[in-house]
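Listing of data.cif, mmCIF, C-alpha atoms
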data_coords
loop_
_atom_site.group_PDB
_atom_site.id
_atom_site.type_symbol
_atom_site.label_atom_id
_atom_site.label_comp_id
_atom_site.auth_asym_id
_atom_site.auth_seq_id
_atom_site.Cartn_x
_atom_site.Cartn_y
_atom_site.Cartn_z
ATOM 1 C CA MET W 118 0.000 0.000 0.000
ATOM 2 C CA ALA W 119 1.379 3.409 -0.998
ATOM 3 C CA LYS W 120 2.458 5.630 1.876
ATOM 4 C CA ARG W 121 1.901 9.367 2.269
ATOM 5 C CA TYR W 122 5.382 10.483 1.262
ATOM 6 C CA ASP W 123 6.060 7.910 -1.477
ATOM 7 C CA ARG W 124 5.243 10.337 -4.275
ATOM 8 C CA LEU W 125 7.613 12.911 -2.844
ATOM 9 C CA LYS W 126 10.346 10.273 -2.989
ATOM 10 C CA GLU W 127 9.403 9.663 -6.630
ATOM 11 C CA ILE W 128 9.650 13.386 -7.336
ATOM 12 C CA GLN W 129 13.054 13.616 -5.706
ATOM 13 C CA ARG W 130 14.389 10.922 -8.046
ATOM 14 C CA LEU W 131 13.591 13.142 -11.042
ATOM 15 C CA ASP W 132 15.628 16.033 -12.449
ATOM 16 C CA PRO W 133 13.796 19.355 -11.834
ATOM 17 C CA GLU W 134 15.313 20.979 -14.933
ATOM 18 C CA ARG W 135 14.796 18.085 -17.342
ATOM 19 C CA ASP W 136 11.653 16.530 -15.827
ATOM 20 C CA PHE W 137 9.974 19.747 -14.724
ATOM 21 C CA LEU W 138 6.674 18.958 -16.457
ATOM 22 C CA GLU W 139 6.337 15.548 -14.801
ATOM 23 C CA ILE W 140 7.270 16.959 -11.395
ATOM 24 C CA TYR W 141 4.877 19.890 -11.740
ATOM 25 C CA ARG W 142 2.069 17.560 -12.849
ATOM 26 C CA LEU W 143 2.649 15.241 -9.882
ATOM 27 C CA THR W 144 2.705 18.227 -7.537
ATOM 28 C CA VAL W 145 -0.446 19.983 -8.697
ATOM 29 C CA ALA W 146 -2.597 17.042 -9.809
ATOM 30 C CA TYR W 147 -1.703 14.468 -7.147
ATOM 31 C CA GLU W 148 -0.079 16.062 -4.097
ATOM 32 C CA PHE W 149 -1.914 19.404 -3.783
ATOM 33 C CA PRO W 150 -4.819 19.706 -6.252
ATOM 34 C CA TRP W 151 -7.179 21.484 -3.840
ATOM 35 C CA ASP W 152 -4.519 23.775 -2.422
ATOM 36 C CA VAL W 153 -3.044 24.745 -5.775
ATOM 37 C CA THR W 154 -6.519 25.485 -7.138
ATOM 38 C CA ARG W 155 -7.216 27.834 -4.225
ATOM 39 C CA ALA W 156 -3.754 29.374 -4.522
ATOM 40 C CA LEU W 157 -4.140 30.055 -8.250
ATOM 41 C CA GLU W 158 -7.546 31.610 -7.613
ATOM 42 C CA LEU W 159 -5.847 33.916 -5.139
ATOM 43 C CA ALA W 160 -2.972 34.509 -7.567
ATOM 44 C CA LEU W 161 -5.306 35.775 -10.287
ATOM 45 C CA TYR W 162 -7.304 37.761 -7.748
ATOM 46 C CA ARG W 163 -4.145 39.570 -6.644
ATOM 47 C CA THR W 164 -3.620 40.876 -10.147
ATOM 48 C CA TYR W 165 -6.824 42.941 -9.992
ATOM 49 C CA ALA W 166 -5.140 45.239 -7.457
ATOM 50 C CA VAL W 167 -2.822 46.487 -10.215
ATOM 51 C CA PRO W 168 -5.074 49.212 -11.668
ATOM 52 C CA SER W 169 -3.999 48.683 -15.291
ATOM 53 C CA ILE W 170 -5.054 45.013 -14.993
ATOM 54 C CA GLY W 171 -8.198 45.460 -12.924
ATOM 55 C CA ARG W 172 -9.361 48.350 -15.111
ATOM 56 C CA LEU W 173 -8.957 46.315 -18.310
ATOM 57 C CA LEU W 174 -10.821 43.340 -16.863
ATOM 58 C CA ASP W 175 -13.660 45.636 -15.855
ATOM 59 C CA ARG W 176 -13.762 47.218 -19.310
ATOM 60 C CA THR W 177 -14.063 43.879 -21.092
ATOM 61 C CA GLY W 178 -16.940 42.816 -18.835
ATOM 62 C CA GLU W 179 -15.719 39.214 -18.794
ATOM 63 C CA LEU W 180 -15.396 38.997 -15.017
ATOM 64 C CA THR W 181 -18.244 41.329 -14.082
ATOM 65 C CA GLU W 182 -20.842 39.939 -16.502
ATOM 66 C CA ARG W 183 -19.692 36.358 -17.175
ATOM 67 C CA PRO W 184 -17.532 35.445 -14.166
ATOM 68 C CA GLN W 185 -18.317 31.710 -14.194
ATOM 69 C CA LYS W 186 -17.346 31.339 -17.853
ATOM 70 C CA ARG W 187 -14.166 33.326 -17.309
ATOM 71 C CA TYR W 188 -13.282 31.148 -14.325
ATOM 72 C CA ASP W 189 -14.011 27.912 -16.199
ATOM 73 C CA ASP W 190 -12.091 28.880 -19.322
ATOM 74 C CA THR W 191 -9.036 30.078 -17.419
ATOM 75 C CA ALA W 192 -8.860 26.916 -15.315
ATOM 76 C CA LEU W 193 -9.372 24.576 -18.277
ATOM 77 C CA LEU W 194 -6.871 26.312 -20.558
ATOM 78 C CA LEU W 195 -4.115 26.431 -17.947
ATOM 79 C CA ASP W 196 -4.742 22.834 -16.903
ATOM 80 C CA ALA W 197 -4.686 21.549 -20.489
ATOM 81 C CA VAL W 198 -0.999 22.453 -20.646
ATOM 82 C CA VAL W 199 -0.271 20.778 -17.305
ATOM 83 C CA GLU W 200 -2.113 17.601 -18.255
ATOM 84 C CA HIS W 201 -0.941 17.184 -21.844
ATOM 85 C CA GLY W 202 2.349 19.094 -22.013
ATOM 86 C CA PHE W 203 3.643 21.972 -24.092
ATOM 87 C CA GLU W 204 4.347 19.871 -27.184
ATOM 88 C CA SER W 205 0.981 18.109 -27.362
ATOM 89 C CA GLU W 206 -1.787 19.269 -29.667
ATOM 90 C CA GLU W 207 -3.942 20.067 -26.644
ATOM 91 C CA GLY W 208 -1.198 22.047 -24.935
ATOM 92 C CA ARG W 209 -0.307 24.033 -28.044
ATOM 93 C CA THR W 210 -3.972 24.778 -28.713
ATOM 94 C CA ALA W 211 -4.436 26.019 -25.136
ATOM 95 C CA VAL W 212 -1.395 28.309 -25.304
ATOM 96 C CA ARG W 213 -2.515 29.580 -28.713
ATOM 97 C CA ARG W 214 -5.941 30.467 -27.296
ATOM 98 C CA ILE W 215 -4.344 32.254 -24.323
ATOM 99 C CA ASN W 216 -2.123 34.241 -26.680
ATOM 100 C CA GLN W 217 -4.990 35.107 -29.011
ATOM 101 C CA MET W 218 -7.006 36.503 -26.127
ATOM 102 C CA HIS W 219 -4.178 38.493 -24.581
ATOM 103 C CA GLY W 220 -2.939 39.631 -27.974
ATOM 104 C CA GLY W 221 -6.221 41.408 -28.595
ATOM 105 C CA TYR W 222 -5.540 44.024 -25.916
ATOM 106 C CA GLU W 223 -2.885 46.586 -25.077
ATOM 107 C CA ILE W 224 -1.229 44.793 -22.133
ATOM 108 C CA SER W 225 2.262 45.768 -21.064
ATOM 109 C CA ASN W 226 5.001 43.175 -20.830
ATOM 110 C CA ASP W 227 5.493 44.197 -17.196
ATOM 111 C CA ASP W 228 1.865 43.344 -16.363
ATOM 112 C CA MET W 229 2.135 40.006 -18.187
ATOM 113 C CA ARG W 230 5.331 39.125 -16.355
ATOM 114 C CA TYR W 231 3.771 40.068 -13.026
ATOM 115 C CA VAL W 232 0.771 37.776 -13.621
ATOM 116 C CA LEU W 233 3.180 34.951 -14.449
ATOM 117 C CA CYS W 234 5.034 35.628 -11.190
ATOM 118 C CA THR W 235 1.835 35.185 -9.195
ATOM 119 C CA PHE W 236 1.498 31.643 -10.605
ATOM 120 C CA VAL W 237 4.885 30.728 -9.133
ATOM 121 C CA VAL W 238 4.967 32.652 -5.865
ATOM 122 C CA THR W 239 1.386 32.476 -4.565
ATOM 123 C CA PRO W 240 1.128 28.648 -4.506
ATOM 124 C CA LYS W 241 4.452 28.388 -2.679
ATOM 125 C CA ARG W 242 3.352 30.910 -0.054
ATOM 126 C CA TRP W 243 -0.070 29.254 0.297
ATOM 127 C CA LEU W 244 1.481 25.822 0.867
ATOM 128 C CA ASP W 245 3.964 27.258 3.358
ATOM 129 C CA GLU W 246 1.000 28.345 5.467
ATOM 130 C CA PHE W 247 -1.817 25.922 4.647
ATOM 131 C CA GLY W 248 -0.367 22.886 2.874
ATOM 132 C CA TRP W 249 -0.142 19.425 4.409
ATOM 133 C CA ARG W 250 3.562 19.765 3.700
ATOM 134 C CA ARG W 251 5.745 22.425 2.116
ATOM 135 C CA LEU W 252 7.063 22.233 -1.412
ATOM 136 C CA SER W 253 10.393 20.468 -1.735
ATOM 137 C CA ASP W 254 13.305 22.175 -3.464
ATOM 138 C CA HIS W 255 12.757 19.852 -6.447
ATOM 139 C CA GLU W 256 9.116 20.929 -6.738
ATOM 140 C CA LEU W 257 9.940 24.606 -6.440
ATOM 141 C CA ARG W 258 12.646 24.391 -9.095
ATOM 142 C CA ALA W 259 10.317 22.430 -11.370
ATOM 143 C CA SER W 260 7.544 25.002 -10.954
ATOM 144 C CA THR W 261 9.996 27.750 -11.813
ATOM 145 C CA ALA W 262 11.197 25.881 -14.914
ATOM 146 C CA TYR W 263 7.616 25.139 -15.994
ATOM 147 C CA HIS W 264 6.616 28.790 -15.802
ATOM 148 C CA ARG W 265 9.757 29.947 -17.557
ATOM 149 C CA VAL W 266 8.657 27.830 -20.511
ATOM 150 C CA LEU W 267 5.050 29.018 -20.230
ATOM 151 C CA GLY W 268 6.249 32.616 -20.178
ATOM 152 C CA ALA W 269 8.374 32.040 -23.278
ATOM 153 C CA ARG W 270 5.440 30.414 -25.105
ATOM 154 C CA MET W 271 3.348 33.461 -24.228
ATOM 155 C CA GLY W 272 5.952 35.818 -25.650
ATOM 156 C CA ILE W 273 6.754 37.428 -22.299
ATOM 157 C CA LYS W 274 10.144 39.130 -22.241
ATOM 158 C CA GLU W 275 12.656 39.107 -19.376
ATOM 159 C CA VAL W 276 11.044 36.206 -17.531
ATOM 160 C CA PRO W 277 12.690 35.603 -14.124
ATOM 161 C CA GLN W 278 15.014 32.609 -14.001
ATOM 162 C CA THR W 279 14.891 31.464 -10.360
ATOM 163 C CA TYR W 280 12.198 31.328 -7.709
ATOM 164 C CA GLU W 281 13.955 34.116 -5.844
ATOM 165 C CA ASP W 282 13.833 36.245 -9.005
ATOM 166 C CA PHE W 283 10.107 35.545 -9.427
ATOM 167 C CA GLU W 284 9.486 36.492 -5.803
ATOM 168 C CA ARG W 285 11.511 39.703 -5.947
ATOM 169 C CA THR W 286 9.803 40.730 -9.176
ATOM 170 C CA LEU W 287 6.342 40.114 -7.704
ATOM 171 C CA ASP W 288 7.003 41.960 -4.437
ATOM 172 C CA ALA W 289 8.578 44.961 -6.164
ATOM 173 C CA TYR W 290 5.736 45.210 -8.675
ATOM 174 C CA GLU W 291 3.057 45.063 -5.995
ATOM 175 C CA ASP W 292 4.856 47.660 -3.871
ATOM 176 C CA GLU W 293 5.001 50.012 -6.834
ATOM 177 C CA HIS W 294 1.659 49.395 -8.514
ATOM 178 C CA PHE W 295 -1.005 48.198 -6.057
ATOM 179 C CA GLY W 296 -3.648 50.890 -5.713
ATOM 180 C CA TRP W 297 -7.295 51.865 -5.866
ATOM 181 C CA ASP W 298 -9.329 51.678 -9.055
ATOM 182 C CA GLU W 299 -13.114 51.753 -9.214
ATOM 183 C CA GLY W 300 -13.268 49.223 -12.053
ATOM 184 C CA ALA W 301 -10.894 46.872 -10.276
ATOM 185 C CA ARG W 302 -13.130 46.998 -7.206
ATOM 186 C CA ARG W 303 -16.087 45.944 -9.371
ATOM 187 C CA VAL W 304 -14.063 43.002 -10.662
ATOM 188 C CA SER W 305 -13.096 42.082 -7.105
ATOM 189 C CA ASP W 306 -16.704 42.231 -5.898
ATOM 190 C CA ALA W 307 -17.838 40.086 -8.844
ATOM 191 C CA THR W 308 -15.174 37.493 -8.063
ATOM 192 C CA LEU W 309 -16.144 37.307 -4.401
ATOM 193 C CA ALA W 310 -19.798 36.952 -5.438
ATOM 194 C CA LEU W 311 -18.872 34.121 -7.805
ATOM 195 C CA MET W 312 -17.035 32.236 -5.058
ATOM 196 C CA SER W 313 -19.982 32.702 -2.722
ATOM 197 C CA SER W 314 -22.367 31.359 -5.392
ATOM 198 C CA TRP W 315 -20.661 27.962 -5.316
ATOM 199 C CA TYR W 316 -22.171 27.240 -1.893
ATOM 200 C CA PRO W 317 -25.745 27.197 -0.500
ATOM 201 C CA ALA W 318 -27.175 30.713 -0.216
ATOM 202 C CA PRO W 319 -27.143 30.830 3.613
ATOM 203 C CA LEU W 320 -23.369 30.291 3.519
ATOM 204 C CA ALA W 321 -22.658 33.127 1.079
ATOM 205 C CA PRO W 322 -21.869 35.739 3.778
ATOM 206 C CA VAL W 323 -19.595 33.229 5.525
ATOM 207 C CA VAL W 324 -17.726 32.449 2.301
ATOM 208 C CA ARG W 325 -17.277 36.134 1.519
ATOM 209 C CA GLY W 326 -16.058 36.820 5.044
ATOM 210 C CA ALA W 327 -13.629 33.899 4.935
ATOM 211 C CA SER W 328 -12.321 35.060 1.555
ATOM 212 C CA LEU W 329 -11.664 38.546 2.871
ATOM 213 C CA ALA W 330 -9.997 37.077 5.958
ATOM 214 C CA LEU W 331 -7.403 35.433 3.698
ATOM 215 C CA LEU W 332 -6.403 38.693 2.017
ATOM 216 C CA ASP W 333 -3.280 40.482 3.173
ATOM 217 C CA ASP W 334 -3.392 44.139 4.155
ATOM 218 C CA SER W 335 -1.984 45.347 0.827
ATOM 219 C CA LEU W 336 -4.943 43.818 -1.044
ATOM 220 C CA LEU W 337 -7.486 45.086 1.479
ATOM 221 C CA ARG W 338 -6.092 48.620 1.147
ATOM 222 C CA ALA W 339 -6.050 48.479 -2.652
ATOM 223 C CA PHE W 340 -9.723 47.457 -2.819
ATOM 224 C CA ARG W 341 -10.725 49.575 0.207
ATOM 225 C CA TYR W 342 -12.232 46.673 2.100
ATOM 226 C CA ARG W 343 -12.565 46.894 5.854
ATOM 227 C CA ARG W 344 -9.917 44.779 7.554
ATOM 228 C CA PRO W 345 -11.498 41.606 9.032
ATOM 229 C CA GLY W 346 -11.180 41.278 12.761
ATOM 230 C CA PRO W 347 -8.760 38.907 14.475
ATOM 231 C CA VAL W 348 -11.501 36.372 15.244
ATOM 232 C CA ALA W 349 -12.514 36.025 11.589
ATOM 233 C CA ARG W 350 -8.897 35.767 10.509
ATOM 234 C CA GLY W 351 -8.042 33.296 13.233
ATOM 235 C CA LEU W 352 -11.010 31.026 12.534
ATOM 236 C CA THR W 353 -10.431 31.009 8.767
ATOM 237 C CA ARG W 354 -6.724 30.351 8.913
ATOM 238 C CA GLY W 355 -7.107 27.898 11.765
ATOM 239 C CA ALA W 356 -9.669 25.888 9.794
ATOM 240 C CA LEU W 357 -7.290 25.649 6.839
ATOM 241 C CA ARG W 358 -4.452 24.486 9.072
ATOM 242 C CA LEU W 359 -6.708 21.855 10.644
ATOM 243 C CA ARG W 360 -7.598 20.673 7.155
ATOM 244 C CA ALA W 361 -3.905 20.351 6.345
ATOM 245 C CA ARG W 362 -3.348 18.145 9.390
ATOM 246 C CA ALA W 363 -6.230 15.917 8.361
ATOM 247 C CA VAL W 364 -4.993 15.637 4.772
ATOM 248 C CA ARG W 365 -1.539 14.647 6.021
ATOM 249 C CA LEU W 366 -3.092 11.559 7.588
ATOM 250 C CA LEU W 367 -4.811 10.445 4.369
ATOM 251 C CA PRO W 368 -3.302 7.945 1.923
ATOM 252 C CA PRO W 369 -1.803 9.474 -1.244
ATOM 253 C CA ARG W 370 -4.120 10.249 -4.133
ATOM 254 C CA ARG W 371 -4.291 7.416 -6.675
ATOM 255 C CA SER W 372 -5.587 9.369 -9.682
ATOM 256 C CA ALA W 373 -4.826 12.813 -11.033
ATOM 257 C CA HIS W 374 -7.266 15.618 -10.313
ATOM 258 C CA PHE W 375 -7.391 18.127 -13.165
ATOM 259 C CA ALA W 376 -9.568 21.214 -13.551
ATOM 260 C CA ARG W 377 -12.276 19.445 -15.547
ATOM 261 C CA ARG W 378 -13.061 17.471 -12.360
ATOM 262 C CA ASN W 379 -13.275 20.609 -10.258
ATOM 263 C CA PRO W 380 -16.882 21.052 -9.024
ATOM 264 C CA MET W 381 -16.418 24.825 -9.319
ATOM 265 C CA VAL W 382 -16.064 24.444 -13.101
ATOM 266 C CA LYS W 383 -19.743 24.413 -14.053
ATOM 267 C CA GLY W 384 -20.090 25.732 -17.598
ATOM 268 C CA TYR W 385 -19.433 22.627 -19.712
ATOM 269 C CA PRO W 386 -21.550 19.702 -18.450
ATOM 270 C CA ASP W 387 -21.512 18.139 -21.938
ATOM 271 C CA GLY W 388 -17.788 18.588 -22.526
ATOM 272 C CA TYR W 389 -15.803 21.184 -24.436
ATOM 273 C CA GLU W 390 -13.243 21.737 -27.169
ATOM 274 C CA ILE W 391 -10.056 23.481 -26.081
ATOM 275 C CA ALA W 392 -10.035 25.552 -29.269
ATOM 276 C CA SER W 393 -13.475 26.942 -28.351
ATOM 277 C CA LEU W 394 -12.594 28.043 -24.823
ATOM 278 C CA GLY W 395 -12.121 31.661 -23.875
ATOM 279 C CA THR W 396 -13.103 34.828 -25.678
ATOM 280 C CA PHE W 397 -12.731 35.824 -29.307
ATOM 281 C CA PRO W 398 -12.183 39.595 -29.197
ATOM 282 C CA THR W 399 -13.683 41.601 -32.048
ATOM 283 C CA PRO W 400 -12.455 45.138 -32.816
ATOM 284 C CA GLY W 401 -15.079 47.768 -32.143
ATOM 285 C CA VAL W 402 -16.889 45.726 -29.520
ATOM 286 C CA ARG W 403 -16.828 46.586 -25.811
ATOM 287 C CA GLY W 404 -13.297 46.402 -24.448
ATOM 288 C CA CYS W 405 -12.070 47.202 -27.964
ATOM 289 C CA PRO W 406 -9.095 44.950 -28.659
ATOM 290 C CA VAL W 407 -6.043 46.714 -30.042
ATOM 291 C CA PRO W 408 -2.750 45.338 -31.343
ATOM 292 C CA ARG W 409 0.024 44.869 -28.793
ATOM 293 C CA ARG W 410 2.943 47.113 -29.610
ATOM 294 C CA ASP W 411 5.584 45.993 -27.128
ATOM 295 C CA THR W 412 5.485 42.194 -27.141
ATOM 296 C CA PRO W 413 4.974 40.046 -30.233
ATOM 297 C CA ARG W 414 3.113 36.806 -29.734
ATOM 298 C CA THR W 415 5.305 33.726 -29.830
ATOM 299 C CA PRO W 416 3.638 30.946 -31.872
ATOM 300 C CA ALA W 417 2.489 28.065 -29.680
ATOM 301 C CA GLU W 418 3.811 25.630 -32.307
#

How does this structure look as structure tokens?
Amino acid sequence: MAKRYDRLKEIQRLDPERDFLEIYRLTVAYEFPWDVTRALELALYRTYAVPSIGRLLDRTGELTERPQKRYDDTALLLDAVVEHGFESEEGRTAVRRINQMHGGYEISNDDMRYVLCTFVVTPKRWLDEFGWRRLSDHELRASTAYHRVLGARMGIKEVPQTYEDFERTLDAYEDEHFGWDEGARRVSDATLALMSSWYPAPLAPVVRGASLALLDDSLLRAFRYRRPGPVARGLTRGALRLRARAVRLLPPRRSAHFARRNPMVKGYPDGYEIASLGTFPTPGVRGCPVPRRDTPRTPAE
């Protein structure tokens, strides 16, 4: 019978630079699927506090008017690359769709690089605090290598090379750019409402309160939310730590858990085609897409 730390031993036998995809897949789909999903939700949420990002998302209406679809498509596209790999037809189609969507808007390379940094740093910080174990050095190096490749496939310039570089880039960007924007606040409110909608209606205020209790002070200031009290913060964080202790006692997961099995992904009960996911920006329509001037798209092929 497999033991709790057997998969970690398997990971440590692999090379984090050569086998980064396999290590990253084992980490996110077997060892920490629930935690990484929550961490990536928080990672994307953080980006709204950069006014240039939050304002654009508000202007397109994708998160304020169709938040469930936006959530589903983002999760499924990102996970297609994890599950199938960069060189697979599915992975290349997913990256192509991501590039087509981003390429329709004037997004700075700095903003794109910052979003990529959140994918590396936020899961590590979440697992440090709420995971049933912390990431090993192998897993952290593999995650860094994976996102270096993802960044290159997305045409992002000057992608950080080490975890420490990703972390420094993220912290410096947030220190410089986090701030208030009315549109970003609308996007934040819509996201919190979406998360609350996943649970029975009587629990919605509890879910919203717990979500706010997980935000750090820099996010609360940027969105002008009242700081949750110590009891709310203590109960929320304590519950997550208790969950981690319970998970540590469970046997290792036998099958991979990818986004399509996530109960929060609700928009495709009859299945989906990767090439049809996401938005197809049309010039002249709301959120008018414009050509990117600073970063050419790198072909997914």

Near-Ile140 of chain W list (12 Å; only C-alpha atoms; drop same-chain fewer than 4 positions) as number ranges by chain: W: 124-136, 144-148, 199-200, 202, 252-263

Shortest interatomic distance to Arg214 of chain W - which of W:Asp228, W:Asp333, W:Asp288, W:Asp190, counting all atoms listed in the file: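 Counting all atoms listed in the file, the residue closest to Arg214 of chain W is W:Asp190.
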
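The spacing separating atom CA of Met271 of chain W from atom CA of Trp243 of chain W amounts to 25.1 Å.
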
Residue contacts of Thr235 of chain W (9 Å, all atoms listed in the file) excluding same-chain residues fewer than 5 positions away, as an MDAnalysis selection string: chainID W and resid 157 159:161 163:164 230 240 283:284 287

Could you save those same residues with C-alpha atoms as a compact mmCIF listing (two decimals), in the frame of the given file?
# COMPACT_ATOMS: atom_id res chain seq x y z
CA LEU W 157 -4.14 30.06 -8.25
CA LEU W 159 -5.85 33.92 -5.14
CA ALA W 160 -2.97 34.51 -7.57
CA LEU W 161 -5.31 35.78 -10.29
CA ARG W 163 -4.14 39.57 -6.64
CA THR W 164 -3.62 40.88 -10.15
CA ARG W 230 5.33 39.12 -16.36
CA PRO W 240 1.13 28.65 -4.51
CA PHE W 283 10.11 35.54 -9.43
CA GLU W 284 9.49 36.49 -5.80
CA LEU W 287 6.34 40.11 -7.70

10 Å contact set for Leu244 of chain W, all atoms listed in the file, chain neighbours under 3 positions out, as a ChimeraX atom specification: /W:149,152-153,156,239-241,247-252,361

Output of the PyMOL selection byres ((chain W and resi 305) around 12), listed as a count of residues only: 43

Evaluate the PyMOL selection byres ((chain W and resi 393) around 12) and report residues as a VMD selection string: chain W and resid 190 193 to 194 207 210 to 211 213 to 215 217 to 218 385 388 to 392 394 to 397

Atom CA of Pro368 of chain W to atom CA of Arg155 of chain W, distance in Å rounded to a single decimal: 21.2 Å

Hits of the PyMOL selection byres ((chain W and resi 264) around 10) in this structure, as a list in words: Phe137, Leu138, Tyr141, Leu233, Cys234, Phe236, Val237, Ala259, Ser260, Thr261, Ala262, Tyr263, Arg265, Val266, Leu267, Gly268, Ala269, Arg270, Val276, Pro277, Gln278 and Phe283 of chain W

Interatomic distance, atom CA of Trp315 of chain W to atom CA of Pro380 of chain W (Å, one decimal):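 Separation between atom CA of Trp315 of chain W and atom CA of Pro380 of chain W: 8.7 Å.
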
For Arg121 of chain W, the nearest of the candidates W:Leu357, W:Val198, W:Leu143, W:Leu366, counting only C-alpha atoms: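 Nearest candidate to Arg121 of chain W out of W:Leu357, W:Val198, W:Leu143, W:Leu366: W:Leu366.
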
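Considering all atoms listed in the file, the residue among W:Ala330, W:Leu173, W:Val323, W:Ala119 positioned nearest to His219 of chain W is W:Leu173.
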